[in-house]
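Data first, discussion second: the structure below is written as structure tokens.
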Amino acid sequence: MTIVRTLLLLSLLATGPAWAETLSVPTADPAAALERPKRGSTMSAVQGHFGEPVTRHAAVGQPPITRWDYAGFSVYFENDRVLHAVIVR
């Protein structure tokens with residue numbers, strides 16, 4: 001029994017304390033904070049909130065995918081709903 005206790009004690013001591021460090025990296029990219037349309041928003045809601053786009057690209061494919069370009073980001077629509085709004089670098 002003493003051997004079992006000794007082995008158990010040694011195994012606990014051998015592991016030692018576990019240390020972890022958390023790194024926090026601030027984003028220095030001001031574009032990351034750029035407001036963009038939310039997924040699922042309608043074309044009319046996007047235009048009402050962000051105004052007239054700089055460029056409108058014609059719909060392509062099936063279902064039709066349309067792109068509107070604004071200063072700093074582009075919005076991709078499927079039919080009349082936002083799929084993605086991506087930052088343009």
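Please note that chains go A, B, ... in the order of the structure tokens, that every chain numbers its residues from 1, and that ligands are numbered from 1 in the order shown.
Among the residues of stretch 1-86 of chain A, backbone DSSP assigns alpha helix (DSSP H) to A:Thr2, A:Ile3, A:Val4, A:Arg5, A:Thr6, A:Leu7, A:Leu8, A:Leu9, A:Leu10, A:Ser11, A:Leu12, A:Leu13, A:Ala14, A:Thr15, A:Met43, A:Ser44, A:Ala45, A:Val46, A:Gln47, A:Gly48, A:His49, A:Phe50.
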Kindly save the residues from that selection, with N, CA and C atoms included, as a CSV table (one decimal), in the first residue's frame.
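selection.csv, freshly written:
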chain,number,residue,atom,x,y,z
A,2,THR,N,2.0,1.2,0.7
A,2,THR,CA,2.9,2.4,0.8
A,2,THR,C,3.5,2.7,-0.6
A,3,ILE,N,3.8,1.6,-1.3
A,3,ILE,CA,4.3,1.8,-2.7
A,3,ILE,C,3.3,2.5,-3.6
A,4,VAL,N,2.1,2.1,-3.5
A,4,VAL,CA,1.0,2.7,-4.3
A,4,VAL,C,0.9,4.2,-4.0
A,5,ARG,N,0.9,4.5,-2.7
A,5,ARG,CA,0.8,5.9,-2.3
A,5,ARG,C,2.0,6.7,-2.7
A,6,THR,N,3.2,6.1,-2.6
A,6,THR,CA,4.4,6.8,-3.1
A,6,THR,C,4.4,7.1,-4.6
A,7,LEU,N,4.0,6.1,-5.3
A,7,LEU,CA,3.9,6.3,-6.8
A,7,LEU,C,2.8,7.3,-7.2
A,8,LEU,N,1.7,7.3,-6.5
A,8,LEU,CA,0.7,8.3,-6.7
A,8,LEU,C,1.2,9.7,-6.4
A,9,LEU,N,1.9,9.8,-5.3
A,9,LEU,CA,2.4,11.1,-4.9
A,9,LEU,C,3.5,11.6,-5.9
A,10,LEU,N,4.3,10.7,-6.3
A,10,LEU,CA,5.4,11.1,-7.3
A,10,LEU,C,4.8,11.5,-8.6
A,11,SER,N,3.7,10.8,-9.1
A,11,SER,CA,3.1,11.1,-10.3
A,11,SER,C,2.4,12.5,-10.3
A,12,LEU,N,1.8,12.8,-9.1
A,12,LEU,CA,1.2,14.1,-9.0
A,12,LEU,C,2.3,15.2,-9.0
A,13,LEU,N,3.4,15.0,-8.3
A,13,LEU,CA,4.4,16.0,-8.2
A,13,LEU,C,5.2,16.1,-9.6
A,14,ALA,N,5.3,15.1,-10.3
A,14,ALA,CA,6.0,15.1,-11.6
A,14,ALA,C,5.3,16.0,-12.6
A,15,THR,N,4.0,16.1,-12.5
A,15,THR,CA,3.2,16.9,-13.5
A,15,THR,C,3.5,18.3,-13.3
A,43,MET,N,-31.9,44.4,-50.7
A,43,MET,CA,-31.3,45.5,-51.4
A,43,MET,C,-31.8,46.8,-51.0
A,44,SER,N,-33.1,47.0,-50.9
A,44,SER,CA,-33.7,48.3,-50.5
A,44,SER,C,-33.2,48.7,-49.1
A,45,ALA,N,-33.1,47.8,-48.2
A,45,ALA,CA,-32.6,48.1,-46.9
A,45,ALA,C,-31.1,48.6,-46.9
A,46,VAL,N,-30.3,47.9,-47.7
A,46,VAL,CA,-28.9,48.3,-47.9
A,46,VAL,C,-28.8,49.7,-48.5
A,47,GLN,N,-29.6,49.9,-49.6
A,47,GLN,CA,-29.5,51.2,-50.2
A,47,GLN,C,-30.0,52.3,-49.3
A,48,GLY,N,-31.0,52.0,-48.5
A,48,GLY,CA,-31.6,53.0,-47.6
A,48,GLY,C,-30.6,53.4,-46.5
A,49,HIS,N,-29.8,52.4,-46.0
A,49,HIS,CA,-28.9,52.6,-45.0
A,49,HIS,C,-27.5,53.2,-45.4
A,50,PHE,N,-27.0,52.6,-46.5
A,50,PHE,CA,-25.7,53.0,-47.0
A,50,PHE,C,-25.7,53.9,-48.2
Contacts of A:Gln62 at 10 Å or less, counting only C-alpha atoms, minus same-chain residues fewer than 2 places along, as an mmCIF file with C-alpha atoms, in the first residue's frame?
data_model
loop_
_atom_site.group_PDB
_atom_site.id
_atom_site.type_symbol
_atom_site.label_atom_id
_atom_site.label_comp_id
_atom_site.auth_asym_id
_atom_site.auth_seq_id
_atom_site.Cartn_x
_atom_site.Cartn_y
_atom_site.Cartn_z
ATOM 1 C CA ALA A 59 -26.379 39.713 -62.010
ATOM 2 C CA VAL A 60 -24.640 36.530 -63.154
ATOM 3 C CA PRO A 64 -28.514 35.426 -59.828
ATOM 4 C CA ILE A 65 -25.597 36.910 -57.867
ATOM 5 C CA GLU A 78 -28.430 36.401 -54.106
ATOM 6 C CA ASN A 79 -31.651 37.562 -55.699
#
State, in Å with one decimal place, the distance from atom CA of A:Val86 to atom CA of A:Asp69. 9.7 Å
Within 10 Å of stretch 87-89 of chain A using only C-alpha atoms, minus same-chain residues under 5 positions, as a PyMOL selection string: chain A and resi 31-32+34-36+69-75
To one decimal in Å, tell me the separation between atom CA of A:Thr55 and atom CA of A:Ala33.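 Value for the atom CA of A:Thr55-atom CA of A:Ala33 distance: 22.2 Å.
The strand (DSSP E or B) portion of chain A consists of Thr42, Thr55, Arg56, His57, Ala58, Ala59, Val60, Ile65, Thr66, Arg67, Trp68, Asp69, Tyr70, Phe73, Ser74, Val75, Tyr76, Phe77, Glu78, Arg81, Val82, Leu83, His84, Ala85, Val86 and Ile87 of chain A, with states taken from DSSP on the backbone.
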Any chance you could export the current selection's N, CA and C atoms as a PDB file, in the first residue's frame?
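In the end it all went to result.pdb:
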ATOM      1  N   THR A  42     -32.194  43.136 -47.252  1.00  0.00           N
ATOM      2  CA  THR A  42     -32.661  43.318 -48.620  1.00  0.00           C
ATOM      3  C   THR A  42     -31.869  44.417 -49.325  1.00  0.00           C
ATOM      4  N   THR A  55     -20.668  51.486 -57.652  1.00  0.00           N
ATOM      5  CA  THR A  55     -20.812  50.676 -58.862  1.00  0.00           C
ATOM      6  C   THR A  55     -21.800  49.551 -58.604  1.00  0.00           C
ATOM      7  N   ARG A  56     -22.652  49.296 -59.600  1.00  0.00           N
ATOM      8  CA  ARG A  56     -23.546  48.129 -59.573  1.00  0.00           C
ATOM      9  C   ARG A  56     -23.127  47.199 -60.705  1.00  0.00           C
ATOM     10  N   HIS A  57     -22.892  45.948 -60.365  1.00  0.00           N
ATOM     11  CA  HIS A  57     -22.525  44.955 -61.373  1.00  0.00           C
ATOM     12  C   HIS A  57     -23.759  44.125 -61.704  1.00  0.00           C
ATOM     13  N   ALA A  58     -23.889  43.768 -62.959  1.00  0.00           N
ATOM     14  CA  ALA A  58     -25.045  42.986 -63.409  1.00  0.00           C
ATOM     15  C   ALA A  58     -25.039  41.601 -62.759  1.00  0.00           C
ATOM     16  N   ALA A  59     -26.225  41.046 -62.589  1.00  0.00           N
ATOM     17  CA  ALA A  59     -26.379  39.713 -62.010  1.00  0.00           C
ATOM     18  C   ALA A  59     -25.818  38.662 -62.959  1.00  0.00           C
ATOM     19  N   VAL A  60     -25.176  37.648 -62.364  1.00  0.00           N
ATOM     20  CA  VAL A  60     -24.640  36.530 -63.154  1.00  0.00           C
ATOM     21  C   VAL A  60     -25.037  35.219 -62.487  1.00  0.00           C
ATOM     22  N   ILE A  65     -26.457  36.276 -58.860  1.00  0.00           N
ATOM     23  CA  ILE A  65     -25.597  36.910 -57.867  1.00  0.00           C
ATOM     24  C   ILE A  65     -25.239  38.306 -58.377  1.00  0.00           C
ATOM     25  N   THR A  66     -25.525  39.305 -57.578  1.00  0.00           N
ATOM     26  CA  THR A  66     -25.277  40.703 -57.930  1.00  0.00           C
ATOM     27  C   THR A  66     -24.266  41.281 -56.962  1.00  0.00           C
ATOM     28  N   ARG A  67     -23.411  42.187 -57.455  1.00  0.00           N
ATOM     29  CA  ARG A  67     -22.440  42.838 -56.569  1.00  0.00           C
ATOM     30  C   ARG A  67     -22.616  44.347 -56.644  1.00  0.00           C
ATOM     31  N   TRP A  68     -22.634  44.960 -55.478  1.00  0.00           N
ATOM     32  CA  TRP A  68     -22.617  46.414 -55.358  1.00  0.00           C
ATOM     33  C   TRP A  68     -21.329  46.802 -54.664  1.00  0.00           C
ATOM     34  N   ASP A  69     -20.647  47.793 -55.216  1.00  0.00           N
ATOM     35  CA  ASP A  69     -19.407  48.281 -54.619  1.00  0.00           C
ATOM     36  C   ASP A  69     -19.643  49.611 -53.926  1.00  0.00           C
ATOM     37  N   TYR A  70     -19.195  49.691 -52.688  1.00  0.00           N
ATOM     38  CA  TYR A  70     -19.200  50.920 -51.904  1.00  0.00           C
ATOM     39  C   TYR A  70     -17.748  51.274 -51.599  1.00  0.00           C
ATOM     40  N   PHE A  73     -15.967  48.558 -49.141  1.00  0.00           N
ATOM     41  CA  PHE A  73     -16.519  47.198 -49.101  1.00  0.00           C
ATOM     42  C   PHE A  73     -17.403  46.926 -50.318  1.00  0.00           C
ATOM     43  N   SER A  74     -17.611  45.642 -50.588  1.00  0.00           N
ATOM     44  CA  SER A  74     -18.517  45.189 -51.645  1.00  0.00           C
ATOM     45  C   SER A  74     -19.581  44.306 -51.019  1.00  0.00           C
ATOM     46  N   VAL A  75     -20.776  44.381 -51.577  1.00  0.00           N
ATOM     47  CA  VAL A  75     -21.896  43.591 -51.076  1.00  0.00           C
ATOM     48  C   VAL A  75     -22.336  42.630 -52.175  1.00  0.00           C
ATOM     49  N   TYR A  76     -22.450  41.353 -51.834  1.00  0.00           N
ATOM     50  CA  TYR A  76     -22.899  40.332 -52.773  1.00  0.00           C
ATOM     51  C   TYR A  76     -24.320  39.921 -52.400  1.00  0.00           C
ATOM     52  N   PHE A  77     -25.194  39.934 -53.394  1.00  0.00           N
ATOM     53  CA  PHE A  77     -26.599  39.587 -53.198  1.00  0.00           C
ATOM     54  C   PHE A  77     -26.937  38.318 -53.965  1.00  0.00           C
ATOM     55  N   GLU A  78     -27.780  37.492 -53.375  1.00  0.00           N
ATOM     56  CA  GLU A  78     -28.430  36.401 -54.106  1.00  0.00           C
ATOM     57  C   GLU A  78     -29.887  36.812 -54.207  1.00  0.00           C
ATOM     58  N   ARG A  81     -31.226  39.495 -51.586  1.00  0.00           N
ATOM     59  CA  ARG A  81     -30.780  39.372 -50.196  1.00  0.00           C
ATOM     60  C   ARG A  81     -29.250  39.332 -50.117  1.00  0.00           C
ATOM     61  N   VAL A  82     -28.694  39.954 -49.070  1.00  0.00           N
ATOM     62  CA  VAL A  82     -27.251  39.988 -48.872  1.00  0.00           C
ATOM     63  C   VAL A  82     -26.731  38.597 -48.549  1.00  0.00           C
ATOM     64  N   LEU A  83     -25.747  38.154 -49.322  1.00  0.00           N
ATOM     65  CA  LEU A  83     -25.014  36.919 -49.014  1.00  0.00           C
ATOM     66  C   LEU A  83     -23.806  37.244 -48.145  1.00  0.00           C
ATOM     67  N   HIS A  84     -22.981  38.180 -48.638  1.00  0.00           N
ATOM     68  CA  HIS A  84     -21.747  38.579 -47.941  1.00  0.00           C
ATOM     69  C   HIS A  84     -21.485  40.055 -48.179  1.00  0.00           C
ATOM     70  N   ALA A  85     -20.838  40.673 -47.235  1.00  0.00           N
ATOM     71  CA  ALA A  85     -20.319  42.022 -47.393  1.00  0.00           C
ATOM     72  C   ALA A  85     -18.853  41.944 -47.010  1.00  0.00           C
ATOM     73  N   VAL A  86     -17.974  42.183 -47.987  1.00  0.00           N
ATOM     74  CA  VAL A  86     -16.538  41.971 -47.767  1.00  0.00           C
ATOM     75  C   VAL A  86     -15.779  43.288 -47.889  1.00  0.00           C
ATOM     76  N   ILE A  87     -14.734  43.409 -47.090  1.00  0.00           N
ATOM     77  CA  ILE A  87     -13.875  44.597 -47.119  1.00  0.00           C
ATOM     78  C   ILE A  87     -12.979  44.510 -48.346  1.00  0.00           C
TER      79      ILE A  87
END
